[in-house]
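structure_19.tsv follows (TSV, C-alpha atoms):
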```
chain	number	residue	atom	x	y	z
A	238	GLY	CA	11.43	2.44	7.11
A	239	GLY	CA	13.25	5.72	7.62
A	240	ILE	CA	15.00	5.45	4.25
A	241	ALA	CA	11.70	4.62	2.58
A	242	GLY	CA	10.23	7.68	4.29
A	243	VAL	CA	12.91	9.90	2.79
A	244	ALA	CA	12.06	8.48	-0.62
A	245	ALA	CA	8.36	9.06	0.00
A	246	ALA	CA	9.06	12.67	0.91
A	247	ALA	CA	11.28	13.24	-2.13
A	248	GLY	CA	9.10	11.39	-4.64
A	249	PRO	CA	6.18	13.83	-4.98
A	250	VAL	CA	8.52	16.83	-5.13
A	251	LEU	CA	10.81	15.22	-7.70
A	252	GLY	CA	7.81	14.04	-9.69
A	253	GLY	CA	6.34	17.52	-9.60
A	254	VAL	CA	9.60	19.04	-10.83
A	255	LEU	CA	9.87	16.52	-13.68
A	256	VAL	CA	6.26	16.90	-14.82
A	257	TRP	CA	6.35	20.69	-14.48
A	258	GLY	CA	9.77	21.24	-16.05
A	259	VAL	CA	10.19	18.44	-18.58
A	260	GLY	CA	7.08	16.33	-19.10
A	261	TRP	CA	5.05	13.54	-17.56
A	262	ARG	CA	6.93	10.79	-19.42
A	263	THR	CA	10.07	11.50	-17.40
A	264	VAL	CA	8.30	10.20	-14.28
A	265	PHE	CA	8.58	6.75	-15.85
A	266	LEU	CA	11.94	7.21	-17.55
A	267	VAL	CA	13.63	8.16	-14.28
A	268	ASN	CA	13.09	4.58	-13.11
A	269	ILE	CA	15.62	3.32	-15.67
A	270	PRO	CA	18.74	4.87	-14.10
A	271	LEU	CA	17.41	4.24	-10.60
A	272	GLY	CA	16.75	0.60	-11.44
A	273	ALA	CA	20.19	0.23	-13.02
A	274	LEU	CA	21.79	1.71	-9.89
A	275	ALA	CA	19.84	-0.69	-7.67
A	276	ILE	CA	20.95	-3.67	-9.77
A	277	TRP	CA	24.58	-2.57	-9.62
A	278	LEU	CA	24.48	-2.02	-5.85
A	279	THR	CA	22.86	-5.41	-5.32
A	280	ALA	CA	25.40	-7.23	-7.49
A	281	ARG	CA	28.30	-5.36	-5.89
A	282	HIS	CA	27.40	-5.31	-2.21
A	283	VAL	CA	24.66	-7.87	-1.40
A	284	PRO	CA	26.19	-11.27	-0.66
A	285	ALA	CA	24.75	-14.26	-2.45
A	286	THR	CA	23.12	-16.91	-0.28
A	287	ARG	CA	23.63	-20.59	-0.85
A	288	PRO	CA	20.45	-22.60	-1.46
A	289	ARG	CA	19.72	-25.21	1.18
A	290	GLY	CA	19.41	-28.37	-0.87
A	291	GLU	CA	17.75	-28.78	-4.23
A	292	ARG	CA	14.85	-26.44	-4.86
A	293	PRO	CA	12.28	-27.32	-7.51
A	294	PRO	CA	11.44	-24.56	-10.00
A	295	LEU	CA	8.65	-22.12	-9.32
A	296	ASP	CA	5.21	-23.06	-10.57
A	297	LEU	CA	4.81	-20.46	-13.30
A	298	VAL	CA	1.21	-21.46	-13.98
A	299	ALA	CA	0.27	-20.59	-10.41
A	300	GLN	CA	2.25	-17.36	-10.57
A	301	LEU	CA	0.53	-16.26	-13.77
A	302	THR	CA	-2.86	-17.16	-12.29
A	303	GLY	CA	-2.14	-14.90	-9.31
A	304	VAL	CA	-1.10	-12.08	-11.64
A	305	GLY	CA	-4.31	-12.60	-13.59
A	306	ALA	CA	-6.41	-12.32	-10.44
A	307	VAL	CA	-4.85	-8.99	-9.48
A	308	ALA	CA	-5.03	-7.68	-13.05
A	309	ALA	CA	-8.71	-8.60	-13.37
A	310	LEU	CA	-9.58	-6.95	-10.06
A	311	THR	CA	-7.78	-3.67	-10.77
A	312	ALA	CA	-9.03	-3.57	-14.36
A	313	GLY	CA	-12.61	-4.02	-13.23
A	314	LEU	CA	-12.33	-1.29	-10.61
A	315	ASN	CA	-10.55	1.07	-13.01
A	316	GLU	CA	-13.03	0.64	-15.86
A	317	ALA	CA	-16.08	0.97	-13.62
A	318	GLY	CA	-15.55	4.73	-13.46
A	319	GLY	CA	-15.94	5.22	-17.20
A	320	ARG	CA	-18.10	2.27	-18.22
A	321	GLY	CA	-20.34	1.91	-15.18
A	322	TRP	CA	-20.60	-0.92	-12.68
A	323	THR	CA	-23.06	-2.91	-14.84
A	324	ASP	CA	-20.88	-2.93	-17.95
A	325	PRO	CA	-20.20	-6.53	-19.14
A	326	LEU	CA	-16.43	-5.96	-19.17
A	327	VAL	CA	-16.49	-4.66	-15.60
A	328	LEU	CA	-18.72	-7.45	-14.35
A	329	GLY	CA	-16.64	-10.06	-16.17
A	330	ALA	CA	-13.38	-8.76	-14.73
A	331	LEU	CA	-14.74	-8.54	-11.18
A	332	ALA	CA	-16.15	-12.07	-11.50
A	333	ALA	CA	-12.90	-13.46	-12.91
A	334	ALA	CA	-10.76	-12.01	-10.09
A	335	PRO	CA	-12.01	-14.23	-7.21
A	336	LEU	CA	-12.11	-17.28	-9.48
A	337	ALA	CA	-8.49	-16.75	-10.52
A	338	GLY	CA	-7.54	-16.08	-6.91
A	339	ALA	CA	-9.15	-19.33	-5.76
A	340	LEU	CA	-7.40	-21.20	-8.58
A	341	PHE	CA	-4.08	-19.65	-7.51
A	342	LEU	CA	-4.51	-20.90	-3.95
A	343	TRP	CA	-5.51	-24.35	-5.21
A	344	LEU	CA	-2.43	-24.57	-7.44
A	345	GLU	CA	-0.16	-23.32	-4.66
A	346	ARG	CA	-1.33	-26.13	-2.38
A	347	ARG	CA	-0.13	-28.61	-4.97
A	348	ALA	CA	3.09	-26.86	-6.01
A	349	ALA	CA	6.44	-28.38	-5.07
A	350	ALA	CA	7.88	-24.93	-4.27
A	351	PRO	CA	4.94	-22.59	-3.66
A	352	ALA	CA	5.56	-18.85	-3.56
A	353	LEU	CA	2.88	-18.71	-0.85
A	354	PRO	CA	3.38	-21.78	1.36
A	355	PRO	CA	-0.06	-22.93	2.54
A	356	ARG	CA	1.12	-23.21	6.17
A	357	LEU	CA	1.51	-19.42	6.21
A	358	LEU	CA	-2.26	-19.14	5.94
A	359	THR	CA	-3.02	-21.48	8.84
A	360	GLY	CA	-3.91	-19.88	12.13
A	361	PHE	CA	-4.81	-16.23	12.59
A	362	ARG	CA	-1.69	-14.11	13.00
A	363	PHE	CA	-0.13	-14.15	9.54
A	364	PRO	CA	-3.40	-13.81	7.59
A	365	ALA	CA	-4.23	-10.91	9.92
A	366	ALA	CA	-0.86	-9.32	9.13
A	367	LEU	CA	-1.56	-9.71	5.39
A	368	ALA	CA	-4.95	-8.08	5.85
A	369	VAL	CA	-3.37	-5.16	7.74
A	370	GLY	CA	-0.92	-4.68	4.84
A	371	VAL	CA	-3.76	-4.60	2.31
A	372	LEU	CA	-5.93	-2.24	4.38
A	373	LEU	CA	-3.05	0.11	5.21
A	374	ASN	CA	-1.97	0.68	1.61
A	375	LEU	CA	-5.52	0.68	0.28
A	376	GLY	CA	-6.52	3.57	2.49
A	377	PHE	CA	-3.28	5.55	2.31
A	378	TYR	CA	-2.36	5.34	-1.37
A	379	GLY	CA	-5.96	5.42	-2.53
A	380	LEU	CA	-6.61	8.74	-0.84
A	381	LEU	CA	-3.15	10.05	-1.70
A	382	PHE	CA	-4.12	9.63	-5.34
A	383	LEU	CA	-7.28	11.66	-4.77
A	384	THR	CA	-5.39	14.44	-2.98
A	385	THR	CA	-3.25	14.85	-6.10
A	386	LEU	CA	-6.37	15.14	-8.24
A	387	TYR	CA	-7.85	17.56	-5.73
A	388	PHE	CA	-4.88	19.92	-5.74
A	389	GLN	CA	-4.37	19.89	-9.51
A	390	ARG	CA	-7.83	19.53	-11.05
A	391	HIS	CA	-10.00	21.28	-8.50
A	392	ARG	CA	-7.63	23.79	-6.94
A	393	GLY	CA	-5.74	24.55	-10.15
A	394	TRP	CA	-2.26	23.98	-8.73
A	395	ASP	CA	0.55	22.88	-11.02
A	396	PRO	CA	2.43	19.59	-10.44
A	397	LEU	CA	5.31	21.29	-8.63
A	398	ALA	CA	3.01	23.09	-6.20
A	399	THR	CA	1.14	19.84	-5.61
A	400	GLY	CA	4.36	18.00	-4.83
A	401	LEU	CA	5.39	20.70	-2.38
A	402	ALA	CA	1.93	20.59	-0.78
A	403	LEU	CA	2.44	16.89	-0.02
A	404	LEU	CA	5.94	17.43	1.35
A	405	PRO	CA	4.91	17.81	5.04
A	406	MET	CA	3.28	14.39	4.97
A	407	GLY	CA	6.31	12.76	3.38
A	408	ALA	CA	8.72	14.48	5.75
A	409	LEU	CA	6.82	13.14	8.75
A	410	VAL	CA	6.99	9.65	7.24
A	411	ALA	CA	10.79	9.87	7.35
A	412	ALA	CA	10.72	10.79	11.05
A	413	ALA	CA	8.01	8.44	12.28
A	414	SER	CA	9.28	5.19	10.75
A	415	PRO	CA	12.46	4.83	12.85
A	416	LEU	CA	10.51	5.98	15.91
A	417	SER	CA	8.06	3.14	15.35
A	418	GLY	CA	10.92	0.64	15.23
A	419	ARG	CA	12.26	1.87	18.57
A	420	VAL	CA	8.82	1.73	20.20
A	421	ALA	CA	8.17	-1.76	18.83
A	422	ALA	CA	11.48	-2.95	20.27
A	423	ARG	CA	10.37	-1.78	23.73
A	424	VAL	CA	6.66	-2.61	23.92
A	425	GLY	CA	6.02	-5.02	21.04
A	426	THR	CA	4.48	-4.51	17.63
A	427	HIS	CA	0.79	-4.35	18.38
A	428	ILE	CA	0.80	-1.08	20.35
A	429	PRO	CA	2.51	1.12	17.72
A	430	ALA	CA	0.52	-0.59	14.95
A	431	VAL	CA	-2.82	0.09	16.65
A	432	ALA	CA	-1.82	3.64	17.61
A	433	GLY	CA	-0.59	4.41	14.12
A	434	LEU	CA	-3.66	3.02	12.40
A	435	LEU	CA	-6.07	4.93	14.65
A	436	THR	CA	-4.08	8.16	14.18
A	437	GLY	CA	-4.08	7.66	10.43
A	438	ALA	CA	-7.82	6.98	10.48
A	439	VAL	CA	-8.44	10.39	12.05
A	440	GLY	CA	-6.30	12.05	9.41
A	441	LEU	CA	-8.00	10.24	6.54
A	442	LEU	CA	-11.43	11.07	7.89
A	443	GLY	CA	-10.43	14.73	7.92
A	444	TRP	CA	-10.46	14.70	4.12
A	445	ALA	CA	-14.20	14.08	4.21
A	446	ALA	CA	-14.67	17.75	5.16
A	447	VAL	CA	-12.45	19.17	2.40
A	448	GLY	CA	-14.08	21.60	-0.01
A	449	PRO	CA	-13.04	23.69	-3.01
A	450	HIS	CA	-11.91	26.62	-0.85
A	451	THR	CA	-10.49	24.88	2.23
A	452	PRO	CA	-7.36	26.78	3.36
A	453	TYR	CA	-4.16	24.83	2.92
A	454	ALA	CA	-3.25	25.46	6.57
A	455	LEU	CA	-6.22	23.29	7.54
A	456	LEU	CA	-5.26	20.61	5.03
A	457	VAL	CA	-1.84	20.21	6.63
A	458	VAL	CA	-3.43	18.67	9.75
A	459	PRO	CA	-4.98	15.61	8.03
A	460	LEU	CA	-1.86	15.30	5.87
A	461	LEU	CA	0.38	15.13	8.94
A	462	LEU	CA	-1.89	12.74	10.84
A	463	THR	CA	-2.18	10.44	7.84
A	464	GLY	CA	1.55	10.46	7.15
A	465	PHE	CA	2.48	9.89	10.78
A	466	GLY	CA	-0.09	7.14	11.29
A	467	THR	CA	0.91	5.26	8.15
A	468	SER	CA	4.65	5.44	8.75
A	469	PHE	CA	4.29	4.64	12.45
A	470	THR	CA	2.34	1.51	11.53
A	471	MET	CA	4.43	0.11	8.69
A	472	PRO	CA	7.61	-1.06	10.53
A	473	SER	CA	5.56	-2.68	13.28
A	474	ALA	CA	3.23	-4.35	10.80
A	475	THR	CA	6.21	-5.71	8.87
A	476	ILE	CA	7.82	-7.06	12.04
A	477	ALA	CA	4.52	-8.62	13.12
A	478	ALA	CA	4.18	-10.39	9.77
A	479	MET	CA	7.71	-11.80	10.02
A	480	GLU	CA	7.24	-12.92	13.62
A	481	ALA	CA	4.02	-14.70	12.69
A	482	ALA	CA	5.77	-16.88	10.09
A	483	PRO	CA	7.84	-20.01	10.76
A	484	HIS	CA	11.56	-19.29	10.48
A	485	GLU	CA	12.15	-21.50	7.46
A	486	VAL	CA	9.57	-19.68	5.32
A	487	ARG	CA	10.18	-16.10	6.42
A	488	GLY	CA	11.52	-15.19	2.99
A	489	ALA	CA	8.19	-16.22	1.48
A	490	ALA	CA	6.39	-14.40	4.29
A	491	SER	CA	8.24	-11.17	3.52
A	492	GLY	CA	7.37	-11.47	-0.16
A	493	ALA	CA	3.72	-12.24	0.62
A	494	PHE	CA	3.43	-9.24	2.94
A	495	ASN	CA	4.93	-6.86	0.38
A	496	ALA	CA	2.68	-8.30	-2.31
A	497	ALA	CA	-0.33	-7.75	-0.03
A	498	ARG	CA	0.67	-4.11	0.44
A	499	GLN	CA	1.02	-3.53	-3.29
A	500	LEU	CA	-2.33	-5.23	-3.87
A	501	GLY	CA	-3.88	-2.78	-1.44
A	502	SER	CA	-2.30	0.14	-3.30
A	503	ALA	CA	-3.65	-1.07	-6.63
A	504	ILE	CA	-7.15	-1.59	-5.24
A	505	GLY	CA	-7.16	1.77	-3.44
A	506	VAL	CA	-6.10	3.81	-6.45
A	507	ALA	CA	-8.50	1.96	-8.76
A	508	LEU	CA	-11.48	2.08	-6.39
A	509	PHE	CA	-11.12	5.65	-5.14
A	510	GLY	CA	-10.28	6.89	-8.62
A	511	THR	CA	-13.51	5.32	-9.84
A	512	LEU	CA	-15.58	6.79	-7.01
A	513	ALA	CA	-14.29	10.31	-7.77
A	514	ALA	CA	-14.05	9.94	-11.56
A	515	ALA	CA	-16.76	12.42	-12.43
A	516	SER	CA	-15.53	15.73	-13.81
A	517	ALA	CA	-18.22	17.78	-12.07
A	518	SER	CA	-16.97	19.27	-8.82
A	519	SER	CA	-19.99	18.22	-6.79
A	520	ALA	CA	-19.63	14.59	-7.86
A	521	PHE	CA	-15.88	14.65	-7.22
A	522	TYR	CA	-16.29	15.91	-3.66
A	523	ALA	CA	-19.03	13.36	-3.00
A	524	GLY	CA	-16.69	10.62	-4.21
A	525	MET	CA	-13.83	12.02	-2.17
A	526	ARG	CA	-15.95	12.11	1.00
A	527	LEU	CA	-17.01	8.50	0.46
A	528	SER	CA	-13.42	7.49	-0.25
A	529	ALA	CA	-12.21	9.22	2.92
A	530	VAL	CA	-14.76	7.31	5.00
A	531	ILE	CA	-13.77	4.01	3.35
A	532	ALA	CA	-10.07	4.75	3.87
A	533	ALA	CA	-10.61	5.59	7.55
A	534	GLY	CA	-12.69	2.44	7.93
A	535	CYS	CA	-9.85	0.38	6.46
A	536	PHE	CA	-7.46	1.81	9.05
A	537	VAL	CA	-9.90	1.11	11.90
A	538	CYS	CA	-10.38	-2.48	10.71
A	539	GLY	CA	-6.60	-2.82	10.50
A	540	ALA	CA	-6.27	-1.55	14.07
A	541	ILE	CA	-8.77	-4.15	15.28
A	542	LEU	CA	-6.87	-6.94	13.52
A	543	ALA	CA	-3.56	-5.70	14.91
A	544	ALA	CA	-5.00	-5.64	18.42
A	545	LEU	CA	-6.48	-9.12	18.12
A	546	SER	CA	-3.19	-10.58	16.88
A	547	GLY	CA	-1.19	-9.14	19.80
A	548	PRO	CA	0.27	-10.92	22.84
A	549	ALA	CA	-2.93	-12.79	23.66
A	550	ALA	CA	-2.99	-14.32	20.19
A	551	ARG	CA	0.69	-15.33	20.52
A	552	THR	CA	-0.07	-17.15	23.79
A	553	THR	CA	-2.99	-18.96	22.20
A	554	ASP	CA	-0.91	-19.99	19.17
A	555	ALA	CA	1.87	-21.28	21.41
A	556	SER	CA	-0.51	-23.34	23.47
```
Go through the file and emit its structure as structure tokens.
Amino acid sequence: GGIAGVAAAAGPVLGGVLVWGVGWRTVFLVNIPLGALAIWLTARHVPATRPRGERPPLDLVAQLTGVGAVAALTAGLNEAGGRGWTDPLVLGALAAAPLAGALFLWLERRAAAPALPPRLLTGFRFPAALAVGVLLNLGFYGLLFLTTLYFQRHRGWDPLATGLALLPMGALVAAASPLSGRVAARVGTHIPAVAGLLTGAVGLLGWAAVGPHTPYALLVVPLLLTGFGTSFTMPSATIAAMEAAPHEVRGAASGAFNAARQLGSAIGVALFGTLAAASASSAFYAGMRLSAVIAAGCFVCGAILAALSGPAARTTDAS
């Protein structure tokens, strides 16, 4: 979590430098050398694990159905901003998403080697952990996207200045993540998760009061609260998801939790971008206020789920 926090702090600044000094395409091109380095490090230093017995191949039909569900959902939310919520394409995409999702779950129940073992979804704890992952990234990354639009489009800052403006939030992420791991080791995962989500909710709600002339010194407060709350939650939420899964399927549980987080990011950026898509300042700020309330609500709902899946839930599951 701490290493990811360092990356989160460096990303907006590096992105701002690249866009400001070279061009926006370099933000995507920089992933090529980074990806190549990651592949080399994995091949060189990560030991290969031996499969336990024969494993049937993945069910590609189910995998593609899951991809289709996510693609339809994000496409529908993205296009709603320009086409309107009653556009046939938007309605068709939003209708296809739950149908494809239900088909994915149906196929996974019949797959010989499901990517999402059905037993992971039995009970309360692991589905609750998945929901926390979705809600956390939906609120955080959705509003982070709007803060970038706010600084650049409505405050007139260049990409470099915008990246530097987000640096305090990223820097706190790097500090709070290892702290969360230490606290979770002492008191369990539910306390830091609930505390982090409620702290982040306060920070996200602070963006509902942002206007075109709000001093940056006041903006630092919600940035810091949001960054601290998110990073303080993430290690504990990850641990809680792994603890909620049977040992023999924890690899699948880790993948499912990370997929849930990325799904939340995609939904948050698409939804909040649509709500604040209007070019007029008044409409943008109305969309940003609504997005801030939704984001804070996601964090509060996540805190409730984290609290309900704490020690009491573990005792109930064991019995």
Within 12 Å of stretch 402-411 of chain A, which residues of stretch 428-449 of chain A show up? Give each one with its shortest atom-to-atom distance in Å (one decimal) and the two atoms involved, counting all atoms listed in the file, rows by chain then rising residue number, as JSON lines.
```
{"residue": "A:Gly433", "atom": "CA", "partner": "A:Val410", "partner_atom": "CA", "distance": 11.5}
{"residue": "A:Gly437", "atom": "CA", "partner": "A:Met406", "partner_atom": "CA", "distance": 11.4}
{"residue": "A:Gly440", "atom": "CA", "partner": "A:Met406", "partner_atom": "CA", "distance": 10.8}
```
Put the listed atoms of stretch 493-499 of chain A in a box along x, y and z with 4 Å added on every side and give me the centre and edge lengths in Å to one decimal, as AutoDock Vina command-line options.
```
--center_x 2.3 --center_y -7.9 --center_z -0.2 --size_x 13.3 --size_y 16.7 --size_z 14.2
```
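For A:Gly466, the list of residues within 6 Å, based on all atoms listed in the file and with local chain neighbours fewer than 3 positions off taken out, reads A:Gly433, A:Leu434, A:Thr436, A:Gly437, A:Leu462, A:Thr463, A:Phe469.
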Excluding A:Leu401 and residues on its chain fewer than 2 positions from it, collect all residues at most 12 Å away from it, counting only C-alpha atoms, and give them as a compact mmCIF listing (two decimals) with C-alpha atoms, in the coordinates of the input.
```txt
# COMPACT_ATOMS: atom_id res chain seq x y z
CA ALA A 246 9.06 12.67 0.91
CA ALA A 247 11.28 13.24 -2.13
CA GLY A 248 9.10 11.39 -4.64
CA PRO A 249 6.18 13.83 -4.98
CA VAL A 250 8.52 16.83 -5.13
CA LEU A 251 10.81 15.22 -7.70
CA GLY A 252 7.81 14.04 -9.69
CA GLY A 253 6.34 17.52 -9.60
CA VAL A 254 9.60 19.04 -10.83
CA THR A 385 -3.25 14.85 -6.10
CA PHE A 388 -4.88 19.92 -5.74
CA TRP A 394 -2.26 23.98 -8.73
CA ASP A 395 0.55 22.88 -11.02
CA PRO A 396 2.43 19.59 -10.44
CA LEU A 397 5.31 21.29 -8.63
CA ALA A 398 3.01 23.09 -6.20
CA THR A 399 1.14 19.84 -5.61
CA LEU A 403 2.44 16.89 -0.02
CA LEU A 404 5.94 17.43 1.35
CA PRO A 405 4.91 17.81 5.04
CA MET A 406 3.28 14.39 4.97
CA GLY A 407 6.31 12.76 3.38
CA ALA A 408 8.72 14.48 5.75
CA TYR A 453 -4.16 24.83 2.92
CA VAL A 457 -1.84 20.21 6.63
```
Give as a JSON list (two decimals) with C-alpha atoms, keeping the file's coordinate frame the set of residues within 9 Å of the point (1.2, -3.1, 12.2), where distances use the file's coordinates and all atoms listed in the file.
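Okay, this is what ended up in out-v7.json:
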```
[["chain", "number", "residue", "atom", "x", "y", "z"],
["A", 366, "ALA", "CA", -0.86, -9.32, 9.13],
["A", 369, "VAL", "CA", -3.37, -5.16, 7.74],
["A", 370, "GLY", "CA", -0.92, -4.68, 4.84],
["A", 373, "LEU", "CA", -3.05, 0.11, 5.21],
["A", 426, "THR", "CA", 4.48, -4.51, 17.63],
["A", 427, "HIS", "CA", 0.79, -4.35, 18.38],
["A", 428, "ILE", "CA", 0.80, -1.08, 20.35],
["A", 429, "PRO", "CA", 2.51, 1.12, 17.72],
["A", 430, "ALA", "CA", 0.52, -0.59, 14.95],
["A", 431, "VAL", "CA", -2.82, 0.09, 16.65],
["A", 433, "GLY", "CA", -0.59, 4.41, 14.12],
["A", 434, "LEU", "CA", -3.66, 3.02, 12.40],
["A", 469, "PHE", "CA", 4.29, 4.64, 12.45],
["A", 470, "THR", "CA", 2.34, 1.51, 11.53],
["A", 471, "MET", "CA", 4.43, 0.11, 8.69],
["A", 472, "PRO", "CA", 7.61, -1.06, 10.53],
["A", 473, "SER", "CA", 5.56, -2.68, 13.28],
["A", 474, "ALA", "CA", 3.23, -4.35, 10.80],
["A", 475, "THR", "CA", 6.21, -5.71, 8.87],
["A", 476, "ILE", "CA", 7.82, -7.06, 12.04],
["A", 477, "ALA", "CA", 4.52, -8.62, 13.12],
["A", 478, "ALA", "CA", 4.18, -10.39, 9.77],
["A", 539, "GLY", "CA", -6.60, -2.82, 10.50],
["A", 540, "ALA", "CA", -6.27, -1.55, 14.07],
["A", 543, "ALA", "CA", -3.56, -5.70, 14.91]]
```
Subject >> Nearest-residue call for A:Leu342, choices A:Leu383, A:Leu314, A:Ala489, A:Val298, using only C-alpha atoms >> reply: A:Val298
**OP:** Rank A:Leu353, A:Leu301, A:Leu255, A:Phe361 by their smallest atom-to-atom distance to A:Ala337, using only C-alpha atoms, and report the top residue only.
**Re:** A:Leu301
**OP:** Report the distance between atom CA of A:Ala275 and atom CA of A:Gln499 in Å, rounded to one decimal place.
**Re:** 19.5 Å
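Using all atoms listed in the file, the shortest contact distance between A:Leu416 and any of A:Phe363, A:Gly505, A:Ser468, A:Ile269 is found at A:Ser468.
Closest approach to A:Ala490 from the set A:Leu358, A:Leu545, A:Leu527, A:Ala432 is made by A:Leu358, with distances taken over all atoms listed in the file.
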